[in-house]
Amino acid sequence: MTKENKPLEAVEIIKAESNYLRGTIANGLQQQITGSLALDDTQLTKFHGIYQQNDRDSLVERRKLKLEPLYSFMIRARVAGGICTPKQWLVMDGLADKYANASIRLTTRQAFQLHGVLKKNLKSTIANINQSLLDTIAACGDVNRNVMCTPNPETSQAHQSVYEVAQRISEHLTPNTTAYHEIWLDKKKLASDSDHEPIYGASYLPRKFKIVLAIPPSNDVDIFAHDLGFIAIIEDGKLTGFNITVGGGMGCTHGDGKTFPLLSQVIGFCQTDQVCEVSEQVVKIQRDFGDRSNRKHARFKYTIDDRGIDWFKDELQKRLGWNLKPEKPYEFTTRGDQFGWSKNHDGSLNLTLFIENGRISDNKAIKLKSAIKTIALLNLGEIRLTANQNIILAKLNTQDKRAVEEILSANNIVHPQSQLIDNAMACVALPTCPLAMAEAERYLPQLLNKIESIQLKYGIENRPIVTRMTGCPNGCARPFLAEIGFVGKASGRYNFYLGGSFHGDRLNQLYRENINEESILEELDILLKDYSLSSTEDEFFGDFVIRKNYVNTVTHGSQVHPINLNVS
Ligand code: SRM
Ligand code: SF4
């Protein structure tokens with residue numbers, strides 16, 4: 001029972017009885033009769049960065065053949081701040097070929113994912129990832145996840161300082177349990193190994209928790225979508241501290257008005273050396289007050305929305321024992337990645353490369369995976385993962401530029417030259433995601449080409465529009481922060497949202513429900529024609545659709561689905 005005398009969610013009991021995330025995972029890995037793990041253990045493996053999935057494309061066929069679903073596992077590797085070495089990239093690349101589906105998925109939170117790993121190969125895959133000094137612990141599960149940060153530390157000295165803060169938070173909030181090392185790395189538990197979780201406790205958090213750091217003017221990490229955020233304040237080239245944001249999140253459930261996306265809010269300012277303390281206390285408040293009786297209401301955003309931001313700030317200051325300072329002025333003017341070559345403060349070069357929906361793979365015409373592998377083999381600089389599913393080949397010398405360009409060109413890697421495509425994202429969805437109701441990654445490119453034809457017809461192809469698609473309303477590509485959002489409802493059918501801001505500080509609103517491609521394109525023809533005729537020169541599409549009353553300004557997430565206004 002919870003403190004309010006409500007029954008606990010089943011997962012809460014699994015966590016509490018798991019012996020600090022051990023469960024029977026180690027035993028389940030030995031069972032060869034099935035490709036799956038015990039149901040309870042599949043909740044626990046998430047904390048180890050592992051999701052049990054099955055191939056949804058082959059589900060019906062296998063059922064007919066009386067075979068169990070084709071079980072395999074998705075593995076997510078954390079990359080705090082999105083920075084990895086070419087050697088680490090090569091490890092992920094090799095594992096993708098050896099144990100996964102020959103592709104790497106770069107996520108919307110600067111992490112790597114491998115799909116299709118069979119149970120028998122899980123341990124080797126995890127061990128190899130750890131040998132490369134990356135890990136998968138806390139990449140998923142009810143703990144703090146991968147800490148995101150603008151992935152360009154060499155832009156200035158202050159950027160480097162912010163990146164170091166991201167790493168410190170990540171280390172500070174990594175779970176203490178040695179279960180991970182015992183199960184996956186065959187480390188023996190020593191008498192001195194403590195299972196104490198001083199921050200999380202034995203039941204961990206009520207739900208996942210996400211932290212980001214943004215460096216204005218770039219909101220590339222979509223700071224307002226996350227549980228806790230830090231907006232770097234840089235004065236005279238020096239990092240002086242951070243504005244703190246709390247209570248953002250995207251996920252909701254179709255037709256359930258009690259669930260909604262929310263933007264985080266700025267609550268004040270703290271110094272750089274106070275960030276870990278603030279993060280810890282915020283996490284502990286969520287640990288103590290988050291709703292453990294209903295996972296649909298368990299995210300931190302609801303903890304704050306239910307009690308109010310003033311309650312939260314008081315509680316935080318009480319626990320800190322000191323008061324936050326008033327927030328400092330900041331401005332975001334960009335959100336997407338700046339593609340192409342750029343020069344760093346130390347004279348080195350970065351190349352930001354567009355990766356369609358974060359998928360690194362080869363096809364007959366375009367050998368993207370091979371190209372990045374060849375570049376990584378040169379062992380130049382670093383490779384960065386962005387929050388927009390792209391990569392940055394970073395810290396290159398001027399003399400490396402030609403070699404990199406030649407490799408890209410030999411593998412047919414060309415930039416799409418489309419503002420619409422540059423600013424678009426889709427989540428994984430089918431065939432791996434068990435929650436997908438419609439396609440996203442496999443479908444968005446086709447739809448974008450059709451939308452671009454409409455833009456061309458009206459001569460507005462150079463006007464950037466942020467478009468995002470997800471296969472369900474969990475919001476993994478942050479669709480409720482897009483100027484045009486598509487959220488899967490059923491096969492080939494989407495809810496269509498309009499009116500998010502270009503810089504990611506306003507939620508959009510449902511415009512049409514459950515429509516197919518034909519209707520989407522008809523609607524967009526009308527909207528884009530009007531945009532071409534009646535918008536002012538630098539008016540963003542998201543602002544335009546609000547000015548023209550196609551949708552209303554959303555000031556609270558409960559207005560994203562207007563019908564929710566009537567739900568008590
Ligand atoms: Fe997500 C669940 C993929 C970013 C909100 N997400 C899932 C799962 C694990 C499905 C599941 O629970 O079985 C998906 C695995 C699909 C697959 O086959 O790979 C999945 N989420 C992803 C990724 C890979 C999407 C992508 O295309 O990049 C992103 C991995 C990020 C990472 O590296 O950690 C991903 N997920 C997000 C984001 C975006 C963000 O955080 O910036 C969100 C919205 C923000 C938020 O958390 O509110 C997000 N994912 C969810 C939710 C809804 C949570 C909620 O509050 O309601 C779920 C479902 C759940 O947790 O029950 C979910
Ligand atoms: Fe799966 Fe839905 Fe997330 Fe897309 S948004 S990856 S369909 S959970």
# chains A, B, ... in the order shown; residues from 1 in each chain; ligands from 1

call {"tool": "residues_around", "arguments": {"residues": "stretch 459-473 of chain A", "least_positions_apart": "6", "cutoff": "6 Å", "atoms": "only C-alpha atoms", "output": "list of chain:residue names"}}
result
A:Cys252, A:Thr253, A:Gln419, A:Leu420, A:Asn423, A:Ala424, A:Met425, A:Ala426, A:Cys427, A:Ala429, A:Ala436, A:Met437, A:Ala438, A:Glu439, A:Ala440, A:Pro479, A:Ala482, A:Glu483, A:Ile484, A:Gly485, A:Phe486, A:Val487, A:Gly488

call {"tool": "write_last_selection", "arguments": {"atoms": "all heavy atoms", "output": "short mmCIF file (atom, residue, chain, number, x, y, z; two decimals), in the first residue's frame"}}
result
data_model
loop_
_atom_site.label_atom_id
_atom_site.label_comp_id
_atom_site.auth_asym_id
_atom_site.auth_seq_id
_atom_site.Cartn_x
_atom_site.Cartn_y
_atom_site.Cartn_z
N CYS A 252 1.45 10.46 -22.94
CA CYS A 252 0.03 10.46 -22.56
C CYS A 252 -0.62 9.24 -23.20
O CYS A 252 0.03 8.50 -23.94
CB CYS A 252 -0.66 11.75 -22.97
SG CYS A 252 -0.59 12.11 -24.73
N THR A 253 -1.89 9.03 -22.91
CA THR A 253 -2.61 7.87 -23.44
C THR A 253 -3.79 8.39 -24.23
O THR A 253 -4.52 9.26 -23.76
CB THR A 253 -3.11 7.00 -22.27
OG1 THR A 253 -1.98 6.65 -21.47
CG2 THR A 253 -3.79 5.73 -22.75
N GLN A 419 15.00 21.67 -45.82
CA GLN A 419 14.73 22.23 -44.49
C GLN A 419 13.74 21.35 -43.73
O GLN A 419 13.84 21.17 -42.52
CB GLN A 419 14.13 23.64 -44.63
CG GLN A 419 15.11 24.67 -45.09
CD GLN A 419 15.98 25.16 -43.94
OE1 GLN A 419 15.84 24.73 -42.79
NE2 GLN A 419 16.90 26.05 -44.23
N LEU A 420 12.78 20.78 -44.47
CA LEU A 420 11.75 19.97 -43.82
C LEU A 420 12.37 18.71 -43.22
O LEU A 420 12.12 18.36 -42.06
CB LEU A 420 10.67 19.59 -44.84
CG LEU A 420 9.42 18.95 -44.26
CD1 LEU A 420 8.59 19.98 -43.50
CD2 LEU A 420 8.57 18.31 -45.35
N ASN A 423 14.73 19.15 -40.14
CA ASN A 423 14.07 19.45 -38.87
C ASN A 423 13.06 18.40 -38.43
O ASN A 423 12.21 18.66 -37.59
CB ASN A 423 13.38 20.82 -38.96
CG ASN A 423 14.39 21.95 -38.95
OD1 ASN A 423 15.03 22.20 -37.93
ND2 ASN A 423 14.58 22.60 -40.09
N ALA A 424 13.15 17.20 -39.03
CA ALA A 424 12.15 16.17 -38.72
C ALA A 424 12.75 15.04 -37.88
O ALA A 424 13.95 14.77 -37.95
CB ALA A 424 11.60 15.60 -40.01
N MET A 425 11.91 14.41 -37.07
CA MET A 425 12.34 13.23 -36.31
C MET A 425 11.19 12.24 -36.23
O MET A 425 10.03 12.65 -36.15
CB MET A 425 12.67 13.60 -34.86
CG MET A 425 13.95 14.33 -34.65
SD MET A 425 14.61 14.02 -32.99
CE MET A 425 13.46 14.84 -31.94
N ALA A 426 11.55 10.96 -36.19
CA ALA A 426 10.54 9.93 -35.95
C ALA A 426 11.10 8.94 -34.94
O ALA A 426 12.30 8.69 -34.91
CB ALA A 426 10.18 9.20 -37.23
N CYS A 427 10.23 8.36 -34.14
CA CYS A 427 10.67 7.35 -33.18
C CYS A 427 10.83 6.01 -33.89
O CYS A 427 10.46 5.86 -35.05
CB CYS A 427 9.64 7.22 -32.06
SG CYS A 427 8.14 6.41 -32.58
N ALA A 429 9.25 2.95 -33.38
CA ALA A 429 7.94 2.31 -33.67
C ALA A 429 8.12 0.88 -34.21
O ALA A 429 8.94 0.13 -33.71
CB ALA A 429 7.12 3.19 -34.59
N ALA A 436 3.91 0.42 -30.30
CA ALA A 436 3.58 1.16 -31.52
C ALA A 436 2.20 0.80 -32.05
O ALA A 436 1.83 -0.37 -32.10
CB ALA A 436 4.63 0.88 -32.59
N MET A 437 1.43 1.83 -32.41
CA MET A 437 0.12 1.62 -33.03
C MET A 437 0.20 1.87 -34.53
O MET A 437 -0.72 1.55 -35.27
CB MET A 437 -0.89 2.58 -32.41
CG MET A 437 -1.06 2.37 -30.93
SD MET A 437 -1.98 3.72 -30.20
CE MET A 437 -1.96 3.23 -28.50
N ALA A 438 1.25 2.56 -34.95
CA ALA A 438 1.42 2.86 -36.37
C ALA A 438 2.91 3.00 -36.65
O ALA A 438 3.72 3.07 -35.72
CB ALA A 438 0.71 4.17 -36.70
N GLU A 439 3.26 3.04 -37.93
CA GLU A 439 4.66 3.21 -38.32
C GLU A 439 5.13 4.63 -37.97
O GLU A 439 4.32 5.57 -37.96
CB GLU A 439 4.82 3.03 -39.84
CG GLU A 439 4.45 1.67 -40.37
CD GLU A 439 5.57 0.65 -40.19
OE1 GLU A 439 6.66 1.03 -39.75
OE2 GLU A 439 5.34 -0.55 -40.48
N ALA A 440 6.44 4.78 -37.78
CA ALA A 440 7.00 6.14 -37.65
C ALA A 440 8.29 6.20 -38.47
O ALA A 440 8.30 6.69 -39.58
CB ALA A 440 7.23 6.50 -36.20
N PRO A 479 6.85 14.62 -30.07
CA PRO A 479 5.97 15.17 -31.12
C PRO A 479 5.10 16.32 -30.65
O PRO A 479 4.65 17.12 -31.45
CB PRO A 479 5.10 13.96 -31.51
CG PRO A 479 5.03 13.14 -30.25
CD PRO A 479 6.38 13.30 -29.61
N ALA A 482 6.37 19.73 -31.54
CA ALA A 482 6.64 20.01 -32.95
C ALA A 482 5.64 21.04 -33.48
O ALA A 482 4.55 21.19 -32.96
CB ALA A 482 6.52 18.71 -33.75
N GLU A 483 6.05 21.72 -34.55
CA GLU A 483 5.08 22.62 -35.21
C GLU A 483 4.03 21.79 -35.93
O GLU A 483 2.86 22.14 -35.96
CB GLU A 483 5.82 23.53 -36.19
CG GLU A 483 6.79 24.48 -35.50
CD GLU A 483 7.52 25.35 -36.47
OE1 GLU A 483 8.45 24.84 -37.13
OE2 GLU A 483 7.17 26.54 -36.60
N ILE A 484 4.47 20.67 -36.50
CA ILE A 484 3.53 19.68 -37.06
C ILE A 484 3.84 18.35 -36.37
O ILE A 484 4.95 17.83 -36.51
CB ILE A 484 3.73 19.50 -38.58
CG1 ILE A 484 3.45 20.81 -39.32
CG2 ILE A 484 2.85 18.38 -39.11
CD1 ILE A 484 3.68 20.72 -40.83
N GLY A 485 2.90 17.80 -35.64
CA GLY A 485 3.12 16.53 -34.94
C GLY A 485 2.16 15.47 -35.45
O GLY A 485 0.98 15.75 -35.68
N PHE A 486 2.69 14.26 -35.65
CA PHE A 486 1.84 13.12 -36.02
C PHE A 486 2.02 12.04 -34.96
O PHE A 486 3.16 11.64 -34.66
CB PHE A 486 2.25 12.54 -37.37
CG PHE A 486 2.13 13.51 -38.51
CD1 PHE A 486 3.25 14.03 -39.12
CD2 PHE A 486 0.87 13.91 -38.96
CE1 PHE A 486 3.15 14.93 -40.17
CE2 PHE A 486 0.75 14.81 -40.01
CZ PHE A 486 1.89 15.32 -40.62
N VAL A 487 0.92 11.56 -34.42
CA VAL A 487 1.00 10.55 -33.37
C VAL A 487 0.12 9.37 -33.77
O VAL A 487 -1.10 9.53 -33.99
CB VAL A 487 0.57 11.14 -32.01
CG1 VAL A 487 0.47 10.05 -30.95
CG2 VAL A 487 1.55 12.21 -31.57
N GLY A 488 0.73 8.18 -33.85
CA GLY A 488 0.02 7.00 -34.35
C GLY A 488 -1.21 6.65 -33.54
O GLY A 488 -1.22 6.70 -32.31
#

call {"tool": "closest_residue", "arguments": {"among": "A:Glu517, A:Asp227, A:Asp41, A:Asp400", "to": "ligand 1", "atoms": "only C-alpha atoms and all ligand atoms"}}
result
A:Asp227

call {"tool": "closest_residue", "arguments": {"among": "A:Arg512, A:Arg287, A:His503, A:Lys395", "to": "A:Asp543", "atoms": "only C-alpha atoms"}}
result
A:His503

call {"tool": "select_by_dssp", "arguments": {"residues": "stretch 303-521 of chain A", "states": "strand (DSSP E)", "output": "number ranges by chain"}}
result
A: 340-343, 349-353, 359-360, 382-385, 391-396, 424-426, 467-470, 484-490, 493-498, 509-515

call {"tool": "atom_distance", "arguments": {"atom1": "atom CA of A:Ile25", "atom2": "atom 3 (C, counted along the ligand's line) of ligand 1"}}
result
22.3 Å

call {"tool": "closest_residue", "arguments": {"among": "A:Thr42, A:Thr177, A:Gln157, A:Thr125", "to": "A:Glu235", "atoms": "only C-alpha atoms"}}
result
A:Gln157

call {"tool": "atom_distance", "arguments": {"atom1": "atom CA of A:His196", "atom2": "atom CA of A:Thr136"}}
result
20.1 Å

call {"tool": "closest_atom_pairs", "arguments": {"of": "stretch 203-268 of chain A", "to": "stretch 143-153 of chain A", "cutoff": "8 Å", "atoms": "only C-alpha atoms", "output": "JSON lines"}}
result
{"residue": "A:Tyr204", "atom": "CA", "partner": "A:Val143", "partner_atom": "CA", "distance": 6.5}
{"residue": "A:Leu205", "atom": "CA", "partner": "A:Val143", "partner_atom": "CA", "distance": 5.8}
{"residue": "A:Arg207", "atom": "CA", "partner": "A:Val143", "partner_atom": "CA", "distance": 7.1}
{"residue": "A:Lys208", "atom": "CA", "partner": "A:Val143", "partner_atom": "CA", "distance": 5.3}
{"residue": "A:Phe209", "atom": "CA", "partner": "A:Asn144", "partner_atom": "CA", "distance": 4.6}
{"residue": "A:Lys210", "atom": "CA", "partner": "A:Arg145", "partner_atom": "CA", "distance": 5.5}
{"residue": "A:Ile211", "atom": "CA", "partner": "A:Val147", "partner_atom": "CA", "distance": 5.3}
{"residue": "A:Val212", "atom": "CA", "partner": "A:Met148", "partner_atom": "CA", "distance": 4.5}
{"residue": "A:Leu213", "atom": "CA", "partner": "A:Cys149", "partner_atom": "CA", "distance": 4.7}
{"residue": "A:Ala214", "atom": "CA", "partner": "A:Thr150", "partner_atom": "CA", "distance": 5.9}
{"residue": "A:Ile215", "atom": "CA", "partner": "A:Thr150", "partner_atom": "CA", "distance": 6.5}
{"residue": "A:Ser218", "atom": "CA", "partner": "A:Thr150", "partner_atom": "CA", "distance": 7.9}
{"residue": "A:Asp220", "atom": "CA", "partner": "A:Thr150", "partner_atom": "CA", "distance": 6.6}
{"residue": "A:Val221", "atom": "CA", "partner": "A:Thr150", "partner_atom": "CA", "distance": 6.4}

call {"tool": "write_last_selection", "arguments": {"atoms": "all heavy atoms", "output": "mmCIF file, in the first residue's frame"}}
result
data_model
loop_
_atom_site.group_PDB
_atom_site.id
_atom_site.type_symbol
_atom_site.label_atom_id
_atom_site.label_comp_id
_atom_site.auth_asym_id
_atom_site.auth_seq_id
_atom_site.Cartn_x
_atom_site.Cartn_y
_atom_site.Cartn_z
ATOM 1 N N TYR A 204 13.579 1.946 -5.790
ATOM 2 C CA TYR A 204 13.972 2.893 -6.834
ATOM 3 C C TYR A 204 12.888 3.970 -7.011
ATOM 4 O O TYR A 204 12.107 4.226 -6.082
ATOM 5 C CB TYR A 204 14.359 2.151 -8.121
ATOM 6 C CG TYR A 204 15.597 1.292 -7.853
ATOM 7 C CD1 TYR A 204 15.496 0.030 -7.264
ATOM 8 C CD2 TYR A 204 16.857 1.800 -8.088
ATOM 9 C CE1 TYR A 204 16.630 -0.712 -6.945
ATOM 10 C CE2 TYR A 204 18.005 1.058 -7.779
ATOM 11 C CZ TYR A 204 17.875 -0.188 -7.205
ATOM 12 O OH TYR A 204 18.985 -0.910 -6.873
ATOM 13 N N LEU A 205 12.814 4.603 -8.180
ATOM 14 C CA LEU A 205 11.835 5.699 -8.337
ATOM 15 C C LEU A 205 10.480 5.134 -8.776
ATOM 16 O O LEU A 205 10.401 4.001 -9.257
ATOM 17 C CB LEU A 205 12.352 6.701 -9.378
ATOM 18 C CG LEU A 205 13.638 7.433 -9.003
ATOM 19 C CD1 LEU A 205 14.045 8.410 -10.122
ATOM 20 C CD2 LEU A 205 13.472 8.200 -7.697
ATOM 21 N N ARG A 207 9.001 6.004 -11.338
ATOM 22 C CA ARG A 207 8.957 6.017 -12.808
ATOM 23 C C ARG A 207 10.305 6.498 -13.327
ATOM 24 O O ARG A 207 11.149 6.988 -12.568
ATOM 25 C CB ARG A 207 7.842 7.000 -13.205
ATOM 26 C CG ARG A 207 7.138 6.754 -14.519
ATOM 27 C CD ARG A 207 6.431 5.440 -14.592
ATOM 28 N NE ARG A 207 5.523 5.406 -15.720
ATOM 29 C CZ ARG A 207 5.843 5.005 -16.952
ATOM 30 N NH1 ARG A 207 7.063 4.600 -17.220
ATOM 31 N NH2 ARG A 207 4.938 5.002 -17.918
ATOM 32 N N LYS A 208 10.508 6.412 -14.626
ATOM 33 C CA LYS A 208 11.741 6.911 -15.245
ATOM 34 C C LYS A 208 11.976 8.378 -14.906
ATOM 35 O O LYS A 208 11.018 9.117 -14.606
ATOM 36 C CB LYS A 208 11.658 6.733 -16.753
ATOM 37 C CG LYS A 208 10.457 7.422 -17.372
ATOM 38 C CD LYS A 208 10.438 7.327 -18.891
ATOM 39 C CE LYS A 208 10.032 5.996 -19.419
ATOM 40 N NZ LYS A 208 9.728 5.976 -20.859
ATOM 41 N N PHE A 209 13.230 8.816 -14.983
ATOM 42 C CA PHE A 209 13.560 10.204 -14.649
ATOM 43 C C PHE A 209 14.632 10.680 -15.639
ATOM 44 O O PHE A 209 15.611 9.987 -15.879
ATOM 45 C CB PHE A 209 14.078 10.284 -13.212
ATOM 46 C CG PHE A 209 14.073 11.673 -12.658
ATOM 47 C CD1 PHE A 209 12.938 12.177 -12.024
ATOM 48 C CD2 PHE A 209 15.182 12.501 -12.797
ATOM 49 C CE1 PHE A 209 12.918 13.477 -11.527
ATOM 50 C CE2 PHE A 209 15.172 13.796 -12.305
ATOM 51 C CZ PHE A 209 14.042 14.285 -11.667
ATOM 52 N N LYS A 210 14.435 11.896 -16.177
ATOM 53 C CA LYS A 210 15.323 12.350 -17.256
ATOM 54 C C LYS A 210 15.876 13.741 -16.987
ATOM 55 O O LYS A 210 15.110 14.657 -16.665
ATOM 56 C CB LYS A 210 14.546 12.352 -18.570
ATOM 57 C CG LYS A 210 14.049 10.971 -18.955
ATOM 58 C CD LYS A 210 13.248 10.996 -20.220
ATOM 59 C CE LYS A 210 12.888 9.583 -20.652
ATOM 60 N NZ LYS A 210 12.088 9.575 -21.879
ATOM 61 N N ILE A 211 17.193 13.865 -17.129
ATOM 62 C CA ILE A 211 17.865 15.149 -16.862
ATOM 63 C C ILE A 211 18.596 15.628 -18.119
ATOM 64 O O ILE A 211 19.222 14.835 -18.821
ATOM 65 C CB ILE A 211 18.885 15.001 -15.706
ATOM 66 C CG1 ILE A 211 18.172 14.503 -14.439
ATOM 67 C CG2 ILE A 211 19.598 16.325 -15.436
ATOM 68 C CD1 ILE A 211 19.067 14.355 -13.215
ATOM 69 N N VAL A 212 18.506 16.923 -18.367
ATOM 70 C CA VAL A 212 19.206 17.517 -19.515
ATOM 71 C C VAL A 212 19.874 18.824 -19.123
ATOM 72 O O VAL A 212 19.433 19.515 -18.215
ATOM 73 C CB VAL A 212 18.257 17.864 -20.686
ATOM 74 C CG1 VAL A 212 17.816 16.665 -21.432
ATOM 75 C CG2 VAL A 212 17.083 18.683 -20.245
ATOM 76 N N LEU A 213 20.921 19.177 -19.867
ATOM 77 C CA LEU A 213 21.561 20.482 -19.719
ATOM 78 C C LEU A 213 21.550 21.163 -21.078
ATOM 79 O O LEU A 213 21.954 20.550 -22.081
ATOM 80 C CB LEU A 213 23.006 20.338 -19.235
ATOM 81 C CG LEU A 213 23.181 19.768 -17.817
ATOM 82 C CD1 LEU A 213 23.264 18.262 -17.833
ATOM 83 C CD2 LEU A 213 24.435 20.331 -17.183
ATOM 84 N N ALA A 214 21.081 22.401 -21.115
ATOM 85 C CA ALA A 214 21.038 23.140 -22.383
ATOM 86 C C ALA A 214 21.942 24.349 -22.286
ATOM 87 O O ALA A 214 22.124 24.909 -21.210
ATOM 88 C CB ALA A 214 19.613 23.592 -22.679
ATOM 89 N N ILE A 215 22.502 24.730 -23.428
ATOM 90 C CA ILE A 215 23.363 25.913 -23.466
ATOM 91 C C ILE A 215 22.758 26.907 -24.457
ATOM 92 O O ILE A 215 22.876 26.719 -25.668
ATOM 93 C CB ILE A 215 24.802 25.548 -23.877
ATOM 94 C CG1 ILE A 215 25.308 24.379 -23.012
ATOM 95 C CG2 ILE A 215 25.720 26.770 -23.759
ATOM 96 C CD1 ILE A 215 26.682 23.884 -23.365
ATOM 97 N N SER A 218 21.078 27.585 -27.916
ATOM 98 C CA SER A 218 20.595 26.346 -28.526
ATOM 99 C C SER A 218 19.733 25.544 -27.553
ATOM 100 O O SER A 218 20.179 25.205 -26.457
ATOM 101 C CB SER A 218 21.789 25.497 -28.970
ATOM 102 O OG SER A 218 21.310 24.266 -29.430
ATOM 103 N N ASP A 220 18.813 22.528 -28.414
ATOM 104 C CA ASP A 220 18.862 21.278 -29.176
ATOM 105 C C ASP A 220 18.460 20.068 -28.340
ATOM 106 O O ASP A 220 18.050 19.050 -28.877
ATOM 107 C CB ASP A 220 20.258 21.068 -29.787
ATOM 108 C CG ASP A 220 21.377 21.138 -28.754
ATOM 109 O OD1 ASP A 220 21.099 21.505 -27.605
ATOM 110 O OD2 ASP A 220 22.529 20.819 -29.105
ATOM 111 N N VAL A 221 18.553 20.168 -27.021
ATOM 112 C CA VAL A 221 18.181 19.029 -26.176
ATOM 113 C C VAL A 221 16.700 19.054 -25.783
ATOM 114 O O VAL A 221 16.241 18.200 -25.040
ATOM 115 C CB VAL A 221 19.038 18.967 -24.892
ATOM 116 C CG1 VAL A 221 20.479 18.622 -25.213
ATOM 117 C CG2 VAL A 221 18.958 20.274 -24.114
#

call {"tool": "residues_around", "arguments": {"residues": "stretch 322-330 of chain A", "least_positions_apart": "5", "cutoff": "10 Å", "atoms": "only C-alpha atoms", "output": "MDAnalysis selection string"}}
result
chainID A and resid 215:217 231:234 241:245 266:271 278 313:314 316:317

call {"tool": "write_last_selection", "arguments": {"atoms": "N, CA and C atoms", "output": "compact mmCIF listing (two decimals), in the first residue's frame"}}
result
# COMPACT_ATOMS: atom_id res chain seq x y z
N ILE A 215 22.50 24.73 -23.43
CA ILE A 215 23.36 25.91 -23.47
C ILE A 215 22.76 26.91 -24.46
N PRO A 216 22.07 27.95 -23.94
CA PRO A 216 21.47 28.92 -24.86
C PRO A 216 22.56 29.53 -25.75
N PRO A 217 22.28 29.92 -26.97
CA PRO A 217 20.93 30.03 -27.52
C PRO A 217 20.38 28.74 -28.10
N ILE A 231 19.67 25.09 -17.40
CA ILE A 231 19.98 26.00 -18.51
C ILE A 231 21.25 26.76 -18.13
N ALA A 232 22.32 26.53 -18.88
CA ALA A 232 23.61 27.14 -18.53
C ALA A 232 23.54 28.65 -18.68
N ILE A 233 24.05 29.34 -17.68
CA ILE A 233 24.14 30.80 -17.76
C ILE A 233 25.62 31.14 -17.91
N ILE A 234 25.93 31.71 -19.05
CA ILE A 234 27.33 32.01 -19.36
C ILE A 234 27.50 33.53 -19.41
N GLY A 241 26.56 29.38 -13.61
CA GLY A 241 25.59 28.52 -12.93
C GLY A 241 24.47 28.17 -13.88
N PHE A 242 23.33 27.76 -13.29
CA PHE A 242 22.25 27.24 -14.13
C PHE A 242 20.87 27.67 -13.63
N ASN A 243 20.00 28.02 -14.56
CA ASN A 243 18.57 28.08 -14.23
C ASN A 243 18.07 26.64 -14.17
N ILE A 244 17.21 26.37 -13.21
CA ILE A 244 16.73 24.98 -13.02
C ILE A 244 15.31 24.87 -13.58
N THR A 245 15.07 23.83 -14.39
CA THR A 245 13.70 23.58 -14.89
C THR A 245 13.20 22.25 -14.32
N VAL A 266 10.76 26.98 -15.13
CA VAL A 266 11.99 27.46 -14.48
C VAL A 266 11.66 27.84 -13.04
N ILE A 267 12.45 27.33 -12.08
CA ILE A 267 12.14 27.64 -10.68
C ILE A 267 13.21 28.49 -10.00
N GLY A 268 14.30 28.77 -10.66
CA GLY A 268 15.34 29.58 -10.01
C GLY A 268 16.70 29.24 -10.54
N PHE A 269 17.71 29.73 -9.84
CA PHE A 269 19.09 29.61 -10.31
C PHE A 269 19.95 28.97 -9.22
N CYS A 270 20.92 28.15 -9.63
CA CYS A 270 21.89 27.63 -8.65
C CYS A 270 23.29 27.71 -9.23
N GLN A 271 24.29 27.65 -8.35
CA GLN A 271 25.68 27.68 -8.83
C GLN A 271 26.06 26.31 -9.39
N VAL A 278 21.35 19.66 -5.99
CA VAL A 278 19.98 19.94 -6.44
C VAL A 278 19.39 18.70 -7.11
N LYS A 313 8.85 24.02 -4.91
CA LYS A 313 10.03 24.86 -4.63
C LYS A 313 10.29 24.91 -3.12
N ASP A 314 9.22 25.03 -2.35
CA ASP A 314 9.37 25.04 -0.87
C ASP A 314 10.00 23.74 -0.39
N LEU A 316 11.82 21.63 -2.02
CA LEU A 316 13.22 21.52 -2.46
C LEU A 316 14.12 22.38 -1.57
N GLN A 317 13.69 23.60 -1.32
CA GLN A 317 14.53 24.51 -0.53
C GLN A 317 14.66 24.02 0.91

call {"tool": "decode", "arguments": {"residues": "stretch 292-312 of chain A", "atoms": "C-alpha atoms", "output": "mmCIF file, in the first residue's frame"}}
result
data_model
loop_
_atom_site.group_PDB
_atom_site.id
_atom_site.type_symbol
_atom_site.label_atom_id
_atom_site.label_comp_id
_atom_site.auth_asym_id
_atom_site.auth_seq_id
_atom_site.Cartn_x
_atom_site.Cartn_y
_atom_site.Cartn_z
ATOM 1 C CA ARG A 292 3.445 4.421 -6.855
ATOM 2 C CA SER A 293 -0.167 3.310 -7.223
ATOM 3 C CA ASN A 294 -0.608 4.294 -10.877
ATOM 4 C CA ARG A 295 2.196 4.204 -13.436
ATOM 5 C CA LYS A 296 0.192 6.397 -15.780
ATOM 6 C CA HIS A 297 0.299 9.092 -13.133
ATOM 7 C CA ALA A 298 3.718 8.366 -11.697
ATOM 8 C CA ARG A 299 5.965 10.724 -13.653
ATOM 9 C CA PHE A 300 7.470 13.679 -11.826
ATOM 10 C CA LYS A 301 5.419 16.073 -14.002
ATOM 11 C CA TYR A 302 2.253 14.896 -12.219
ATOM 12 C CA THR A 303 3.882 15.084 -8.778
ATOM 13 C CA ILE A 304 4.416 18.791 -9.443
ATOM 14 C CA ASP A 305 1.235 19.488 -11.409
ATOM 15 C CA ASP A 306 -0.935 17.988 -8.647
ATOM 16 C CA ARG A 307 0.678 19.941 -5.803
ATOM 17 C CA GLY A 308 1.757 23.117 -7.603
ATOM 18 C CA ILE A 309 5.146 24.603 -8.385
ATOM 19 C CA ASP A 310 5.252 26.656 -5.159
ATOM 20 C CA TRP A 311 4.845 23.516 -3.057
ATOM 21 C CA PHE A 312 7.675 21.909 -4.982
#
